[in-house]
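Data block below; observations after.
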Amino acid sequence: MRSYLTQEQIIQLISNSIPPNVSEERIRQIITDELKGALTPAQIDQIIQAVGQGLTEAQIREIIKQEVEKAATGWKIVNINVKKEDWKWNDEISQYEIIFDFPELTEFIYKDGATLGYVFIGTQGVDEVQKMLPYVNTYSAGTDNEGNPITFTETISFDIQFGDPSTIAFFIKDSQLAKDPEAPQNYNFRIVLVW
């Protein structure tokens with residue numbers, strides 16, 4: 001995996017390199033030299049295009065900071081384990097749910113990034129698979145009095161909310177809005193944050 005400098009490291013490199021009363025051409029050269037190991041040439045060009053004539057050194061540094069935030073890509077994996085006894089039934093919307101604080105969710109990720117969710121189904125090391133959320137599966141519930149099959153669909157999903165604190169919630173919902181006592185299970189969730 002390619003190692004990228006952090007935004008703070010890039011800003012510090014550039015800050016240390018820009019002397020007072022520097023020409024626009026020199027600023028472009030500094031930006032290119034300082035960022036060539038951390039960003040792609042296209043990302044460097046975006047930063048250079050964002051730097052305009054007649055700006056102060058502080059304004060140039062702010063533009064660089066903003067462009068680096070846009071260009072820098074990162075990701076983080078957060079694993080969350082839910083025990084079957086921790087699920088709570090919500091009568092108002094007929095679903096099982098659980099809510100956790102989610103400090104990993106920053107405003108930048110919430111507004112400009114992506115959040116992907118997965119659930120592990122099966123037994124680890126035996127038949128386990130990783131499914132993307134929402135995970136929808138249809139089950140058989142036997143037959144009715146006339147011998148017709150009864151089926152229902154269960155959906156496992158999640159949502160995130162940015163705030164103080166930021167939260168993540170997981171849900172289990174039956175298509176018939178039934179309170180199925182078998183629905184809450186031990187689930188291992190994987191959340192991938194990309195920015």
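Simple scheme: letters A, B, ... for chains in structure tokens order, numbers from 1 for residues in each chain, numbers from 1 for ligands in the order shown.
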Sel. of helix (DSSP H, G or I) residues, range 106-147 of chain A, as a count of residues only: 6
Which residues, written as a short mmCIF file (atom, residue, chain, number, x, y, z; two decimals) with all heavy atoms, in the first residue's frame, have at least one atom at most 10 Å from Lys179 in chain A, with only C-alpha atoms counted and residues fewer than 2 positions away on the same chain left out?
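Result written to selection19.cif:
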data_model
loop_
_atom_site.label_atom_id
_atom_site.label_comp_id
_atom_site.auth_asym_id
_atom_site.auth_seq_id
_atom_site.Cartn_x
_atom_site.Cartn_y
_atom_site.Cartn_z
N TRP A 89 -36.52 -3.73 21.15
CA TRP A 89 -37.68 -3.64 20.26
C TRP A 89 -38.26 -2.24 20.32
O TRP A 89 -38.48 -1.69 21.40
CB TRP A 89 -38.73 -4.67 20.64
CG TRP A 89 -39.96 -4.59 19.80
CD1 TRP A 89 -41.18 -4.09 20.16
CD2 TRP A 89 -40.10 -5.02 18.44
NE1 TRP A 89 -42.06 -4.17 19.12
CE2 TRP A 89 -41.43 -4.74 18.04
CE3 TRP A 89 -39.24 -5.60 17.51
CZ2 TRP A 89 -41.90 -5.03 16.77
CZ3 TRP A 89 -39.71 -5.89 16.25
CH2 TRP A 89 -41.03 -5.61 15.89
N ASN A 90 -38.53 -1.65 19.16
CA ASN A 90 -39.16 -0.33 19.08
C ASN A 90 -40.59 -0.54 18.57
O ASN A 90 -40.81 -0.83 17.40
CB ASN A 90 -38.36 0.57 18.13
CG ASN A 90 -38.91 1.97 18.04
OD1 ASN A 90 -40.11 2.20 18.17
ND2 ASN A 90 -38.02 2.93 17.81
N ASP A 91 -41.57 -0.38 19.48
CA ASP A 91 -42.99 -0.59 19.14
C ASP A 91 -43.49 0.39 18.10
O ASP A 91 -44.35 0.05 17.28
CB ASP A 91 -43.87 -0.48 20.39
CG ASP A 91 -43.93 -1.77 21.18
OD1 ASP A 91 -44.00 -2.84 20.55
OD2 ASP A 91 -43.90 -1.71 22.42
N SER A 94 -41.90 -0.83 14.79
CA SER A 94 -41.89 -2.30 14.65
C SER A 94 -40.56 -2.84 14.13
O SER A 94 -40.49 -3.47 13.08
CB SER A 94 -43.03 -2.76 13.75
OG SER A 94 -44.27 -2.34 14.27
N GLN A 95 -39.50 -2.58 14.90
CA GLN A 95 -38.20 -3.11 14.51
C GLN A 95 -37.31 -3.25 15.74
O GLN A 95 -37.50 -2.56 16.74
CB GLN A 95 -37.51 -2.21 13.49
CG GLN A 95 -37.10 -0.85 14.02
CD GLN A 95 -36.52 0.04 12.94
OE1 GLN A 95 -36.64 -0.23 11.75
NE2 GLN A 95 -35.88 1.13 13.32
N TYR A 96 -36.32 -4.13 15.62
CA TYR A 96 -35.28 -4.23 16.63
C TYR A 96 -34.21 -3.22 16.26
O TYR A 96 -33.94 -2.99 15.08
CB TYR A 96 -34.68 -5.64 16.66
CG TYR A 96 -35.59 -6.67 17.26
CD1 TYR A 96 -36.35 -7.51 16.45
CD2 TYR A 96 -35.68 -6.82 18.64
CE1 TYR A 96 -37.19 -8.47 16.99
CE2 TYR A 96 -36.51 -7.78 19.20
CZ TYR A 96 -37.26 -8.60 18.37
OH TYR A 96 -38.09 -9.54 18.92
N ILE A 172 -33.09 -4.38 12.66
CA ILE A 172 -33.59 -5.64 12.10
C ILE A 172 -35.09 -5.45 11.94
O ILE A 172 -35.80 -5.19 12.91
CB ILE A 172 -33.32 -6.84 13.03
CG1 ILE A 172 -31.84 -6.98 13.34
CG2 ILE A 172 -33.86 -8.12 12.40
CD1 ILE A 172 -31.52 -8.03 14.39
N LYS A 173 -35.58 -5.58 10.70
CA LYS A 173 -37.00 -5.33 10.44
C LYS A 173 -37.59 -6.47 9.63
O LYS A 173 -37.04 -6.88 8.62
CB LYS A 173 -37.17 -4.01 9.70
CG LYS A 173 -38.61 -3.54 9.63
CD LYS A 173 -38.68 -2.08 9.29
CE LYS A 173 -40.05 -1.53 9.55
NZ LYS A 173 -40.06 -0.34 10.33
N ASP A 174 -38.74 -6.95 10.08
CA ASP A 174 -39.49 -8.02 9.43
C ASP A 174 -40.47 -7.39 8.44
O ASP A 174 -41.11 -6.37 8.75
CB ASP A 174 -40.25 -8.79 10.53
CG ASP A 174 -41.01 -9.98 10.00
OD1 ASP A 174 -41.91 -9.78 9.15
OD2 ASP A 174 -40.75 -11.10 10.45
N GLN A 176 -43.31 -8.28 7.64
CA GLN A 176 -44.67 -8.30 8.16
C GLN A 176 -44.80 -7.50 9.45
O GLN A 176 -45.83 -7.54 10.11
CB GLN A 176 -45.11 -9.75 8.38
CG GLN A 176 -45.13 -10.55 7.09
CD GLN A 176 -45.44 -12.02 7.32
OE1 GLN A 176 -45.51 -12.51 8.44
NE2 GLN A 176 -45.63 -12.73 6.22
N LEU A 177 -43.72 -6.79 9.79
CA LEU A 177 -43.65 -5.96 10.99
C LEU A 177 -43.87 -6.77 12.27
O LEU A 177 -44.31 -6.25 13.29
CB LEU A 177 -44.63 -4.79 10.92
CG LEU A 177 -44.49 -3.88 9.69
CD1 LEU A 177 -45.53 -2.76 9.73
CD2 LEU A 177 -43.09 -3.32 9.57
N PRO A 181 -39.11 -13.27 17.86
CA PRO A 181 -38.11 -13.42 18.93
C PRO A 181 -36.81 -14.05 18.45
O PRO A 181 -35.79 -13.97 19.12
CB PRO A 181 -38.82 -14.29 19.96
CG PRO A 181 -39.90 -15.00 19.22
CD PRO A 181 -40.30 -14.11 18.08
N GLU A 182 -36.83 -14.67 17.26
CA GLU A 182 -35.61 -15.28 16.72
C GLU A 182 -34.76 -14.29 15.92
O GLU A 182 -33.62 -14.59 15.59
CB GLU A 182 -35.99 -16.47 15.80
CG GLU A 182 -36.73 -17.58 16.50
CD GLU A 182 -35.89 -18.24 17.60
OE1 GLU A 182 -34.70 -18.51 17.36
OE2 GLU A 182 -36.43 -18.43 18.71
N ALA A 183 -35.31 -13.13 15.62
CA ALA A 183 -34.58 -12.16 14.79
C ALA A 183 -33.32 -11.62 15.46
O ALA A 183 -32.27 -11.54 14.82
CB ALA A 183 -35.50 -11.01 14.39
N PRO A 184 -33.37 -11.24 16.73
CA PRO A 184 -32.13 -10.74 17.35
C PRO A 184 -31.12 -11.88 17.51
O PRO A 184 -31.42 -12.89 18.14
CB PRO A 184 -32.58 -10.22 18.72
CG PRO A 184 -34.06 -10.13 18.66
CD PRO A 184 -34.51 -11.13 17.65
#
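Distances from A:Ser175, A:Glu107, A:Gly125, A:Ile191 to Tyr139 in chain A were compared using only C-alpha atoms, and the smallest one belongs to A:Ser175.
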Sorted by chain and rising residue number, which residues of range 93-156 of chain A lie within 8 Å of range 161-168 of chain A, and what are their closest atom pairs and distances in Å to one decimal, counting only C-alpha atoms, as a tab-separated table?
residue	atom	partner	partner_atom	distance
A:Ile99	CA	A:Ile168	CA	5.7
A:Phe100	CA	A:Ile168	CA	5.4
A:Asp101	CA	A:Thr167	CA	4.4
A:Phe102	CA	A:Thr167	CA	4.5
A:Pro103	CA	A:Ser166	CA	5.8
A:Leu105	CA	A:Ser166	CA	6.3
A:Thr106	CA	A:Phe162	CA	7.2
A:Glu107	CA	A:Phe162	CA	6.7
A:Tyr110	CA	A:Phe162	CA	6.6
Would you list the contacts of Met132 in chain A as a VMD selection string, taking every protein, DNA or RNA residue within 10 Å and counting only C-alpha atoms, but skipping same-chain residues closer than 3 positions in sequence? chain A and resid 116 to 120 135 to 136 156 to 157 189 to 191
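Distance annotation: of A:Gly74, A:Glu62, A:Asn188, A:Lys131, the residue with the minimal separation from Gly113 in chain A is A:Gly74; atom set is only C-alpha atoms.
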